[in-house]
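Q: Got my_file-v7.cif for you, mmCIF, C-alpha atoms:
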data_work
#
loop_
_atom_site.label_atom_id
_atom_site.label_comp_id
_atom_site.auth_asym_id
_atom_site.auth_seq_id
_atom_site.Cartn_x
_atom_site.Cartn_y
_atom_site.Cartn_z
CA MET K 4 0.18 52.25 178.55
CA SER K 5 2.67 53.94 180.82
CA GLY K 6 3.34 52.30 184.18
CA ASP K 7 2.19 48.85 183.04
CA THR K 8 5.60 47.25 183.51
CA SER K 9 6.02 48.11 187.17
CA LYS K 10 5.09 45.62 189.87
CA ILE K 11 4.53 42.73 187.47
CA GLU K 12 6.86 40.43 189.38
CA ASP K 13 5.76 37.94 192.04
CA GLU K 14 5.17 40.15 195.06
CA GLY K 15 5.64 37.37 197.61
CA ALA K 16 3.63 37.18 200.80
CA THR K 17 2.34 40.57 201.95
CA GLN K 18 1.37 41.71 205.40
CA ASN K 19 -2.18 40.80 204.39
CA ALA K 20 -1.26 37.11 203.91
CA ALA K 21 -1.78 37.47 200.16
CA GLN K 22 0.26 37.49 196.98
CA ILE K 23 -0.61 39.70 194.00
CA LEU K 24 0.59 37.96 190.85
CA PRO K 25 0.42 38.88 187.15
CA LEU K 26 -1.71 36.57 185.03
CA GLY K 27 -1.66 36.97 181.27
CA GLN K 28 -1.82 40.34 179.56
CA ASP K 29 -4.90 41.63 181.37
CA GLY K 30 -5.09 39.88 184.72
CA LEU K 31 -3.91 40.00 188.32
CA LEU K 32 -4.34 37.08 190.69
CA VAL K 33 -4.64 37.51 194.45
CA ARG K 34 -3.55 34.23 196.01
CA PHE K 35 -3.87 33.46 199.71
CA ALA K 36 -2.37 29.95 199.81
CA LEU K 37 -1.21 27.04 197.65
CA THR K 38 -3.66 24.54 199.16
CA ALA K 39 -7.32 24.71 200.12
CA GLU K 40 -6.83 25.71 203.73
CA PRO K 41 -10.08 26.83 205.39
CA TRP K 42 -8.84 30.35 206.18
CA ALA K 43 -7.61 30.83 202.59
CA SER K 44 -10.91 29.68 201.10
CA ALA K 45 -12.77 32.02 203.44
CA ALA K 46 -10.42 34.87 202.54
CA ALA K 47 -10.95 34.34 198.81
CA GLN K 48 -14.72 34.42 199.29
CA ALA K 49 -14.53 37.53 201.48
CA LEU K 50 -12.29 39.37 199.00
CA HIS K 51 -14.65 38.45 196.17
CA ASP K 52 -17.57 39.87 198.19
CA LEU K 53 -15.65 43.08 198.88
CA ALA K 54 -14.40 43.52 195.32
CA ARG K 55 -17.87 43.09 193.86
CA GLU K 56 -19.10 45.91 196.10
CA THR K 57 -16.20 48.23 195.22
CA PRO K 58 -14.62 46.95 192.00
CA PRO K 59 -11.30 48.53 190.98
CA GLU K 60 -11.65 51.01 188.13
CA GLY K 61 -11.22 49.36 184.75
CA VAL K 62 -11.74 45.83 186.09
CA VAL K 63 -14.25 43.99 183.91
CA ARG K 64 -14.36 40.60 185.61
CA ILE K 65 -13.75 39.29 189.14
CA VAL K 66 -13.57 35.49 189.41
CA PRO K 67 -13.02 33.60 192.69
CA SER K 68 -11.39 30.20 192.95
CA LEU K 69 -10.56 27.91 195.86
CA VAL K 70 -7.92 30.15 197.47
CA SER K 71 -7.56 33.01 195.00
CA VAL K 72 -9.40 35.76 193.14
CA LEU K 73 -8.73 36.79 189.53
CA PHE K 74 -9.11 40.42 188.47
CA ARG K 75 -9.40 40.93 184.70
CA PHE K 76 -9.01 44.51 183.47
CA ASP K 77 -9.59 46.38 180.21
CA PRO K 78 -6.16 47.56 178.95
CA ALA K 79 -7.87 50.34 176.99
CA ARG K 80 -9.14 51.86 180.23
CA THR K 81 -6.43 51.19 182.77
CA GLY K 82 -3.04 49.59 183.36
CA ARG K 83 -1.67 46.79 185.46
CA ALA K 84 0.08 49.08 187.94
CA ALA K 85 -3.09 51.08 188.59
CA VAL K 86 -5.15 47.93 189.18
CA HIS K 87 -2.39 46.53 191.38
CA GLN K 88 -2.53 49.63 193.57
CA GLN K 89 -6.31 49.43 193.89
CA ILE K 90 -6.12 45.77 194.89
CA GLU K 91 -3.52 46.62 197.52
CA THR K 92 -5.97 49.19 198.89
CA LEU K 93 -8.69 46.53 199.09
CA LEU K 94 -6.33 44.23 200.97
CA GLU K 95 -5.04 46.81 203.43
CA GLY K 96 -6.24 47.04 207.00
CA ARG K 97 -7.82 43.58 207.21
CA ASP K 98 -6.67 40.39 208.86
CA TRP K 99 -7.39 38.00 206.01
CA ARG K 100 -6.53 34.96 208.14
CA GLN K 101 -9.64 35.82 210.17
CA ALA K 102 -11.82 36.79 207.20
CA VAL K 103 -15.44 35.68 207.16
CA PRO K 104 -17.42 35.71 203.90
CA LYS K 105 -20.90 37.17 203.81
CA PRO K 106 -23.78 34.75 204.39
CA ALA K 107 -24.92 33.21 201.13
CA GLY K 108 -27.82 34.95 199.46
CA ARG K 109 -29.03 31.67 197.96
CA ILE K 110 -29.18 28.21 199.54
CA TRP K 111 -29.65 25.17 197.33
CA HIS K 112 -31.23 22.03 198.80
CA VAL K 113 -30.30 19.21 196.43
CA PRO K 114 -31.49 15.57 196.71
CA ALA K 115 -28.68 13.02 196.43
CA ALA K 116 -28.43 9.25 196.82
CA PHE K 117 -25.31 8.07 198.67
CA GLY K 118 -23.49 4.75 198.40
CA GLY K 119 -24.41 1.65 196.44
CA ARG K 120 -24.58 2.04 192.66
CA HIS K 121 -24.93 5.82 193.00
CA GLY K 122 -21.89 6.17 195.27
CA PRO K 123 -19.62 3.17 194.69
CA ASP K 124 -16.63 4.74 196.50
CA LEU K 125 -18.47 5.83 199.65
CA GLU K 126 -17.23 2.94 201.79
CA GLU K 127 -13.62 3.55 200.76
CA CYS K 128 -13.95 7.27 201.57
CA ALA K 129 -15.50 6.50 204.93
CA ARG K 130 -12.69 4.07 205.75
CA LEU K 131 -10.04 6.63 204.80
CA ALA K 132 -11.80 9.19 206.99
CA GLY K 133 -11.97 6.74 209.90
CA LEU K 134 -15.77 6.80 209.89
CA SER K 135 -18.64 4.44 209.28
CA PRO K 136 -20.50 5.01 205.95
CA ASP K 137 -23.57 6.33 207.82
CA THR K 138 -21.46 8.76 209.86
CA ALA K 139 -19.69 9.92 206.70
CA ILE K 140 -23.05 10.63 205.04
CA ASN K 141 -24.25 12.48 208.13
CA GLN K 142 -21.15 14.67 208.25
CA ILE K 143 -21.26 15.46 204.54
CA THR K 144 -24.96 16.35 204.55
CA ALA K 145 -24.64 18.38 207.76
CA THR K 146 -21.97 20.59 206.15
CA HIS K 147 -23.21 23.86 204.70
CA LEU K 148 -21.07 23.73 201.58
CA ARG K 149 -20.26 26.80 199.49
CA VAL K 150 -19.71 26.99 195.75
CA LEU K 151 -16.01 27.83 195.87
CA ALA K 152 -15.35 27.79 192.14
CA ILE K 153 -16.95 26.81 188.84
CA GLY K 154 -14.74 25.26 186.20
CA PHE K 155 -13.02 22.29 184.55
CA ALA K 156 -16.25 21.73 182.61
CA PRO K 157 -19.11 24.19 181.93
CA GLY K 158 -21.06 24.92 185.10
CA GLN K 159 -19.20 22.35 187.17
CA PRO K 160 -18.99 23.43 190.84
CA TYR K 161 -16.32 22.75 193.43
CA LEU K 162 -18.02 22.58 196.82
CA GLY K 163 -16.39 22.90 200.21
CA LEU K 164 -14.96 22.67 202.60
CA LEU K 165 -15.77 19.38 204.28
CA PRO K 166 -14.56 18.46 207.81
CA GLU K 167 -10.84 17.74 208.16
CA ALA K 168 -11.38 13.97 208.20
CA PHE K 169 -12.17 14.20 204.47
CA ASP K 170 -8.81 15.73 203.58
CA MET K 171 -7.90 12.71 201.46
CA PRO K 172 -5.88 12.60 198.24
CA ARG K 173 -7.13 11.68 194.83
CA MET K 174 -7.10 8.02 193.85
CA SER K 175 -3.86 6.53 192.56
CA ARG K 176 -5.81 5.13 189.63
CA LEU K 177 -8.14 6.82 187.16
CA ASN K 178 -11.84 6.04 187.18
CA PRO K 179 -12.54 5.96 183.42
CA ARG K 180 -16.07 7.30 183.76
CA VAL K 181 -18.46 8.72 186.31
CA PRO K 182 -21.96 9.71 185.15
CA GLN K 183 -23.47 13.14 184.85
CA GLY K 184 -24.58 14.18 188.32
CA ALA K 185 -21.87 12.17 190.08
CA ILE K 186 -20.68 13.72 193.35
CA ALA K 187 -17.02 12.94 193.92
CA LEU K 188 -14.76 13.67 196.88
CA ALA K 189 -11.11 14.61 197.43
CA VAL K 190 -9.06 17.17 199.43
CA ARG K 191 -12.05 18.26 201.57
CA GLN K 192 -14.12 19.15 198.50
CA LEU K 193 -16.95 17.72 196.47
CA VAL K 194 -17.32 18.08 192.73
CA LEU K 195 -20.71 17.76 191.05
CA PHE K 196 -20.00 16.54 187.53
CA SER K 197 -21.91 18.40 184.84
CA ASN K 198 -21.15 15.68 182.29
CA ALA K 199 -19.94 12.09 182.29
CA SER K 200 -16.19 12.23 182.78
CA PRO K 201 -13.06 10.36 183.83
CA THR K 202 -11.78 11.38 187.26
CA GLY K 203 -9.33 10.56 189.99
CA TRP K 204 -11.85 11.57 192.65
CA ARG K 205 -14.02 9.07 194.54
CA GLN K 206 -17.73 8.97 193.72
CA VAL K 207 -19.77 8.97 196.93
CA ALA K 208 -23.20 9.99 195.63
CA ARG K 209 -25.24 11.10 192.64
CA THR K 210 -27.86 13.77 192.03
CA ALA K 211 -30.27 14.53 189.18
CA PHE K 212 -29.44 18.25 189.48
CA ARG K 213 -27.79 19.51 186.29
CA PRO K 214 -25.32 22.37 186.90
CA PHE K 215 -25.05 23.12 183.16
CA ARG K 216 -28.21 23.66 181.11
CA PRO K 217 -27.36 25.04 177.65
CA GLU K 218 -31.03 25.10 176.74
CA SER K 219 -31.89 27.43 179.64
CA GLU K 220 -31.23 31.03 180.63
CA PRO K 221 -29.05 31.29 182.57
CA PRO K 222 -27.30 28.10 181.44
CA VAL K 223 -25.39 27.89 184.74
CA PRO K 224 -27.84 28.10 187.68
CA LEU K 225 -25.18 28.12 190.43
CA ARG K 226 -23.06 31.11 191.38
CA THR K 227 -19.84 31.22 193.33
CA GLY K 228 -20.72 31.95 196.94
CA ASP K 229 -24.02 30.05 196.86
CA GLU K 230 -24.62 27.66 199.74
CA PHE K 231 -25.18 24.04 198.74
CA ARG K 232 -26.78 21.45 200.99
CA LEU K 233 -27.13 17.81 200.03
CA VAL K 234 -30.36 16.11 201.10
CA PRO K 235 -30.04 12.29 201.28
CA VAL K 236 -32.70 10.29 199.44
CA PRO K 237 -33.06 6.55 198.72
CA ALA K 238 -31.64 5.18 195.46
CA GLU K 239 -35.15 4.56 194.13
CA ALA K 240 -36.12 8.20 194.69
CA LEU K 241 -33.08 9.35 192.72
CA ASP K 242 -33.91 6.87 189.95
CA ALA K 243 -37.32 8.52 189.66
CA LEU K 244 -35.79 12.00 189.55
CA LEU K 245 -33.35 10.91 186.83
CA ALA K 246 -36.16 9.34 184.82
CA ALA K 247 -38.27 12.50 185.08
CA GLY K 248 -35.61 14.44 183.19
CA ASP K 249 -36.15 17.70 185.10
CA PRO K 250 -32.77 19.52 185.15
CA ALA K 251 -33.56 20.83 188.64
CA GLY K 252 -33.49 17.24 189.86
CA GLY K 253 -35.88 18.00 192.72
CA ALA K 254 -33.65 20.80 194.04
CA ARG K 255 -35.04 23.84 195.82
CA CYS K 256 -33.37 27.25 195.91
CA GLU K 257 -33.98 29.28 199.07
CA ILE K 258 -33.45 33.03 198.70
CA ARG K 259 -32.22 34.89 201.76
CA PRO K 260 -33.49 38.47 202.17
#
For the file at hand, write its structure as C-alpha cells.

A:
Amino acid sequence: MSGDTSKIEDEGATQNAAQILPLGQDGLLVRFALTAEPWASAAAQALHDLARETPPEGVVRIVPSLVSVLFRFDPARTGRAAVHQQIETLLEGRDWRQAVPKPAGRIWHVPAAFGGRHGPDLEECARLAGLSPDTAINQITATHLRVLAIGFAPGQPYLGLLPEAFDMPRMSRLNPRVPQGAIALAVRQLVLFSNASPTGWRQVARTAFRPFRPESEPPVPLRTGDEFRLVPVPAEALDALLAAGDPAGGARCEIRP
C-alpha cells in the first residue's frame, strides 16, 4: 500500500514526550518512557482511554502496557503512515507528563493473606523498603492499584504503581516456583500469578482469585484500567477460600456508574 514505508523509523522523543515506533508488519507502539515512571504509566492509561473513544481508522486493536500503547491495524484497510498521522493527532495539544487517566469503571476488592507461608518474602521486601512488615502491608493495601497490563501468562495482571519505597529490583536468584494466586513484588508493581511459575519477584501474599478461567466466559475477568484493591485476611481465611475452589476467591467487583 502506497505510503507505508514513510515514517517507519524511530521517531525519537516528540514534543508530546512520546515516541511512535514501528512494531511488526501491522503495529505502531507509542512509548512514553523506558521504565515504569508514574507519569509514563498514567500517560499510557490516558492515551488508551482516549484512543478507545476515538480509535484511528483501520486500527483493530489497542493494547496498553506499563508505559506504552500498541496500535494494531488492518493492512487491507489502511497503511502505517496513515495510522501514524492519526496517532500524532491524538497526541497533539496535550501535556502527557501531566496526564490523568479516567477513574476506573470497575473496582475489584480481593482478599489476600500477607506474610508467613502465603507471603514468605514479605519481611525481606519490608526491610528493603525501610518499613516494618505491618507498615508495608498497610501501604500496599491502601494503594488503589490499577491493572496496567495483562501478559506473560494468560490473564496475568501487572498491578501498580506502589509507593516509591517499593521501587526494588528483582531478586538476584530465581525462585523455582510460586503457587497460583501468588502476589509478587518488584519495581513498584505487583504481579498476581495465574499459574504456578518460577519468578525473580518476591512473594508477599497470596489470593484465591483466579485471573484466568478457561472454563468461564469471559476467561479473563480483569481488564486493563480496572482498579484493584487488596483486602488483608488471616491465613486461615485464605485457606478456606482456596479449599472452596471458587475462582472468584471471595472477590467483589464494584461497578462505578

Q: Could you give me, as a list in words, the residues within 7 Å of segment 236-253 of chain K, counting all atoms listed in the file and dropping anything in the same chain fewer than 2 positions from it?

A: Val113, Pro114, Ala115, Ala116, Thr210, Ala211, Phe212, Arg213, Val234 and Arg255 of chain K

Q: For Gly30 of chain K, work out the shell of residues within 8 Å, counting all atoms listed in the file and skipping chain neighbours fewer than 3 positions away, then give it as a list in words.

A: Pro25, Leu26, Gly27, Leu73, Phe74, Arg75, Phe76 and Arg83 of chain K

Q: Which residues match the PyMOL selection byres ((chain K and resi 86-97) around 9) in the file above, as a PyMOL selection string?

A: chain K and resi 10-11+18-19+21+23+31+33+50+53-54+57-62+74+76+81-85+98-102

Q: Which residue is closest to Ala187 of chain K? Choose from K:Leu164, K:Leu134, K:Leu125, K:Ala145 and count all atoms listed in the file.

A: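 Closest to Ala187 of chain K, using all atoms listed in the file: K:Leu125.
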
Q: Please evaluate the PyMOL selection byres ((chain K and resi 216-218) around 10) against the structure above and give the resulting residues as a ChimeraX atom specification.

A: /K:157-158,197,213-215,219-224,250-251

Q: Based on the selection just made, write C-alpha atoms of those residues as a PDB file, in the frame of the given file.

A:
ATOM      1  CA  PRO K 157     -19.110  24.190 181.930  1.00  0.00           C
ATOM      2  CA  GLY K 158     -21.060  24.920 185.100  1.00  0.00           C
ATOM      3  CA  SER K 197     -21.910  18.400 184.840  1.00  0.00           C
ATOM      4  CA  ARG K 213     -27.790  19.510 186.290  1.00  0.00           C
ATOM      5  CA  PRO K 214     -25.320  22.370 186.900  1.00  0.00           C
ATOM      6  CA  PHE K 215     -25.050  23.120 183.160  1.00  0.00           C
ATOM      7  CA  SER K 219     -31.890  27.430 179.640  1.00  0.00           C
ATOM      8  CA  GLU K 220     -31.230  31.030 180.630  1.00  0.00           C
ATOM      9  CA  PRO K 221     -29.050  31.290 182.570  1.00  0.00           C
ATOM     10  CA  PRO K 222     -27.300  28.100 181.440  1.00  0.00           C
ATOM     11  CA  VAL K 223     -25.390  27.890 184.740  1.00  0.00           C
ATOM     12  CA  PRO K 224     -27.840  28.100 187.680  1.00  0.00           C
ATOM     13  CA  PRO K 250     -32.770  19.520 185.150  1.00  0.00           C
ATOM     14  CA  ALA K 251     -33.560  20.830 188.640  1.00  0.00           C
TER      15      ALA K 251
END

Q: Is it possible to dump segment 93-225 of chain K as a PDB file, in the first residue's frame, including just C-alpha atoms?

A:
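And here's decode.pdb as it stands now:
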ATOM      1  CA  LEU K  93      -4.236  12.063  19.230  1.00  0.00           C
ATOM      2  CA  LEU K  94      -1.001  13.078  20.916  1.00  0.00           C
ATOM      3  CA  GLU K  95      -1.059  16.729  19.879  1.00  0.00           C
ATOM      4  CA  GLY K  96      -2.103  19.510  22.197  1.00  0.00           C
ATOM      5  CA  ARG K  97      -1.769  17.580  25.463  1.00  0.00           C
ATOM      6  CA  ASP K  98       0.853  17.653  28.177  1.00  0.00           C
ATOM      7  CA  TRP K  99       1.307  13.921  28.617  1.00  0.00           C
ATOM      8  CA  ARG K 100       3.612  14.401  31.607  1.00  0.00           C
ATOM      9  CA  GLN K 101       0.556  15.748  33.436  1.00  0.00           C
ATOM     10  CA  ALA K 102      -1.917  13.218  32.020  1.00  0.00           C
ATOM     11  CA  VAL K 103      -4.527  11.734  34.335  1.00  0.00           C
ATOM     12  CA  PRO K 104      -6.373   8.544  33.348  1.00  0.00           C
ATOM     13  CA  LYS K 105     -10.118   8.327  33.738  1.00  0.00           C
ATOM     14  CA  PRO K 106     -11.425   6.899  37.017  1.00  0.00           C
ATOM     15  CA  ALA K 107     -11.763   3.138  36.802  1.00  0.00           C
ATOM     16  CA  GLY K 108     -15.202   1.897  35.861  1.00  0.00           C
ATOM     17  CA  ARG K 109     -14.689  -1.278  37.895  1.00  0.00           C
ATOM     18  CA  ILE K 110     -13.072  -1.719  41.310  1.00  0.00           C
ATOM     19  CA  TRP K 111     -12.063  -5.182  42.467  1.00  0.00           C
ATOM     20  CA  HIS K 112     -11.848  -5.898  46.203  1.00  0.00           C
ATOM     21  CA  VAL K 113      -9.733  -9.048  46.522  1.00  0.00           C
ATOM     22  CA  PRO K 114      -8.967 -10.904  49.788  1.00  0.00           C
ATOM     23  CA  ALA K 115      -5.280 -11.705  50.268  1.00  0.00           C
ATOM     24  CA  ALA K 116      -3.202 -13.188  53.073  1.00  0.00           C
ATOM     25  CA  PHE K 117       0.154 -11.456  53.624  1.00  0.00           C
ATOM     26  CA  GLY K 118       3.356 -12.876  55.078  1.00  0.00           C
ATOM     27  CA  GLY K 119       4.016 -16.274  56.603  1.00  0.00           C
ATOM     28  CA  ARG K 120       3.556 -19.267  54.308  1.00  0.00           C
ATOM     29  CA  HIS K 121       1.402 -17.200  51.940  1.00  0.00           C
ATOM     30  CA  GLY K 122       3.952 -14.387  51.647  1.00  0.00           C
ATOM     31  CA  PRO K 123       7.382 -15.787  52.512  1.00  0.00           C
ATOM     32  CA  ASP K 124       9.272 -12.768  51.120  1.00  0.00           C
ATOM     33  CA  LEU K 125       7.240 -10.062  52.862  1.00  0.00           C
ATOM     34  CA  GLU K 126       9.808  -9.396  55.592  1.00  0.00           C
ATOM     35  CA  GLU K 127      12.623  -9.057  53.048  1.00  0.00           C
ATOM     36  CA  CYS K 128      10.535  -6.624  50.966  1.00  0.00           C
ATOM     37  CA  ALA K 129       9.670  -4.593  54.046  1.00  0.00           C
ATOM     38  CA  ARG K 130      13.338  -4.419  55.038  1.00  0.00           C
ATOM     39  CA  LEU K 131      14.360  -3.281  51.553  1.00  0.00           C
ATOM     40  CA  ALA K 132      11.638  -0.629  51.676  1.00  0.00           C
ATOM     41  CA  GLY K 133      12.791   0.545  55.116  1.00  0.00           C
ATOM     42  CA  LEU K 134       9.451  -0.387  56.685  1.00  0.00           C
ATOM     43  CA  SER K 135       8.090  -2.775  59.256  1.00  0.00           C
ATOM     44  CA  PRO K 136       6.086  -5.720  57.798  1.00  0.00           C
ATOM     45  CA  ASP K 137       2.827  -4.272  59.184  1.00  0.00           C
ATOM     46  CA  THR K 138       3.538  -0.851  57.679  1.00  0.00           C
ATOM     47  CA  ALA K 139       4.406  -2.467  54.347  1.00  0.00           C
ATOM     48  CA  ILE K 140       1.078  -4.330  54.347  1.00  0.00           C
ATOM     49  CA  ASN K 141      -0.781  -1.141  55.242  1.00  0.00           C
ATOM     50  CA  GLN K 142       0.855   0.814  52.422  1.00  0.00           C
ATOM     51  CA  ILE K 143       0.245  -1.910  49.849  1.00  0.00           C
ATOM     52  CA  THR K 144      -3.413  -2.376  50.789  1.00  0.00           C
ATOM     53  CA  ALA K 145      -4.022   1.383  50.979  1.00  0.00           C
ATOM     54  CA  THR K 146      -2.834   1.799  47.370  1.00  0.00           C
ATOM     55  CA  HIS K 147      -5.569   1.908  44.746  1.00  0.00           C
ATOM     56  CA  LEU K 148      -3.748  -0.230  42.208  1.00  0.00           C
ATOM     57  CA  ARG K 149      -4.615  -0.243  38.509  1.00  0.00           C
ATOM     58  CA  VAL K 150      -4.355  -3.134  36.067  1.00  0.00           C
ATOM     59  CA  LEU K 151      -1.540  -1.691  33.957  1.00  0.00           C
ATOM     60  CA  ALA K 152      -1.073  -4.660  31.644  1.00  0.00           C
ATOM     61  CA  ILE K 153      -2.087  -8.290  31.201  1.00  0.00           C
ATOM     62  CA  GLY K 154       0.514 -10.701  29.917  1.00  0.00           C
ATOM     63  CA  PHE K 155       3.415 -13.123  30.394  1.00  0.00           C
ATOM     64  CA  ALA K 156       0.809 -15.818  31.103  1.00  0.00           C
ATOM     65  CA  PRO K 157      -2.909 -15.877  30.178  1.00  0.00           C
ATOM     66  CA  GLY K 158      -4.861 -13.357  32.231  1.00  0.00           C
ATOM     67  CA  GLN K 159      -1.911 -12.437  34.430  1.00  0.00           C
ATOM     68  CA  PRO K 160      -2.141  -8.801  35.603  1.00  0.00           C
ATOM     69  CA  TYR K 161       0.604  -6.320  36.377  1.00  0.00           C
ATOM     70  CA  LEU K 162      -0.687  -4.001  39.102  1.00  0.00           C
ATOM     71  CA  GLY K 163       0.689  -0.618  40.060  1.00  0.00           C
ATOM     72  CA  LEU K 164       2.126   1.610  40.931  1.00  0.00           C
ATOM     73  CA  LEU K 165       3.095   1.175  44.567  1.00  0.00           C
ATOM     74  CA  PRO K 166       4.712   3.959  46.661  1.00  0.00           C
ATOM     75  CA  GLU K 167       8.313   4.821  45.788  1.00  0.00           C
ATOM     76  CA  ALA K 168       9.705   2.850  48.744  1.00  0.00           C
ATOM     77  CA  PHE K 169       8.776  -0.332  46.852  1.00  0.00           C
ATOM     78  CA  ASP K 170      10.921   0.511  43.834  1.00  0.00           C
ATOM     79  CA  MET K 171      13.127  -2.524  44.443  1.00  0.00           C
ATOM     80  CA  PRO K 172      14.836  -4.757  41.882  1.00  0.00           C
ATOM     81  CA  ARG K 173      14.086  -8.361  41.184  1.00  0.00           C
ATOM     82  CA  MET K 174      15.877 -10.977  43.250  1.00  0.00           C
ATOM     83  CA  SER K 175      19.390 -11.991  42.232  1.00  0.00           C
ATOM     84  CA  ARG K 176      18.285 -15.607  42.443  1.00  0.00           C
ATOM     85  CA  LEU K 177      15.337 -17.407  40.856  1.00  0.00           C
ATOM     86  CA  ASN K 178      12.505 -18.692  42.996  1.00  0.00           C
ATOM     87  CA  PRO K 179      11.814 -22.034  41.275  1.00  0.00           C
ATOM     88  CA  ARG K 180       8.093 -21.957  41.999  1.00  0.00           C
ATOM     89  CA  VAL K 181       5.392 -19.730  43.407  1.00  0.00           C
ATOM     90  CA  PRO K 182       1.820 -21.074  43.544  1.00  0.00           C
ATOM     91  CA  GLN K 183      -1.189 -19.999  41.561  1.00  0.00           C
ATOM     92  CA  GLY K 184      -2.547 -16.864  43.207  1.00  0.00           C
ATOM     93  CA  ALA K 185       0.857 -15.726  44.468  1.00  0.00           C
ATOM     94  CA  ILE K 186       1.240 -11.942  44.656  1.00  0.00           C
ATOM     95  CA  ALA K 187       4.829 -10.943  43.981  1.00  0.00           C
ATOM     96  CA  LEU K 188       6.526  -7.560  44.132  1.00  0.00           C
ATOM     97  CA  ALA K 189       9.266  -5.725  42.212  1.00  0.00           C
ATOM     98  CA  VAL K 190       9.859  -2.287  40.617  1.00  0.00           C
ATOM     99  CA  ARG K 191       6.789  -0.711  42.288  1.00  0.00           C
ATOM    100  CA  GLN K 192       4.456  -3.332  40.833  1.00  0.00           C
ATOM    101  CA  LEU K 193       2.624  -6.433  41.938  1.00  0.00           C
ATOM    102  CA  VAL K 194       2.001  -9.464  39.764  1.00  0.00           C
ATOM    103  CA  LEU K 195      -0.848 -11.858  40.508  1.00  0.00           C
ATOM    104  CA  PHE K 196       0.253 -15.224  39.134  1.00  0.00           C
ATOM    105  CA  SER K 197      -2.413 -17.012  37.126  1.00  0.00           C
ATOM    106  CA  ASN K 198      -0.492 -20.295  37.337  1.00  0.00           C
ATOM    107  CA  ALA K 199       2.320 -21.773  39.393  1.00  0.00           C
ATOM    108  CA  SER K 200       5.529 -20.364  37.981  1.00  0.00           C
ATOM    109  CA  PRO K 201       9.212 -19.643  38.569  1.00  0.00           C
ATOM    110  CA  THR K 202       9.936 -15.964  39.183  1.00  0.00           C
ATOM    111  CA  GLY K 203      12.564 -13.491  40.241  1.00  0.00           C
ATOM    112  CA  TRP K 204       9.956 -11.395  42.063  1.00  0.00           C
ATOM    113  CA  ARG K 205       9.362 -11.603  45.822  1.00  0.00           C
ATOM    114  CA  GLN K 206       6.151 -13.253  47.022  1.00  0.00           C
ATOM    115  CA  VAL K 207       4.481 -11.086  49.654  1.00  0.00           C
ATOM    116  CA  ALA K 208       0.951 -12.520  49.667  1.00  0.00           C
ATOM    117  CA  ARG K 209      -1.473 -14.960  48.083  1.00  0.00           C
ATOM    118  CA  THR K 210      -5.077 -14.794  46.945  1.00  0.00           C
ATOM    119  CA  ALA K 211      -7.645 -17.392  45.849  1.00  0.00           C
ATOM    120  CA  PHE K 212      -8.742 -15.094  42.996  1.00  0.00           C
ATOM    121  CA  ARG K 213      -8.023 -16.716  39.627  1.00  0.00           C
ATOM    122  CA  PRO K 214      -7.259 -14.181  36.869  1.00  0.00           C
ATOM    123  CA  PHE K 215      -7.515 -16.850  34.146  1.00  0.00           C
ATOM    124  CA  ARG K 216     -10.599 -19.078  33.968  1.00  0.00           C
ATOM    125  CA  PRO K 217     -10.645 -21.060  30.704  1.00  0.00           C
ATOM    126  CA  GLU K 218     -13.908 -22.699  31.714  1.00  0.00           C
ATOM    127  CA  SER K 219     -15.703 -19.344  32.015  1.00  0.00           C
ATOM    128  CA  GLU K 220     -16.861 -16.567  29.706  1.00  0.00           C
ATOM    129  CA  PRO K 221     -15.026 -14.288  29.666  1.00  0.00           C
ATOM    130  CA  PRO K 222     -11.970 -16.375  30.580  1.00  0.00           C
ATOM    131  CA  VAL K 223     -10.100 -13.261  31.745  1.00  0.00           C
ATOM    132  CA  PRO K 224     -12.238 -11.314  34.264  1.00  0.00           C
ATOM    133  CA  LEU K 225      -9.846  -8.354  34.647  1.00  0.00           C
TER     134      LEU K 225
END
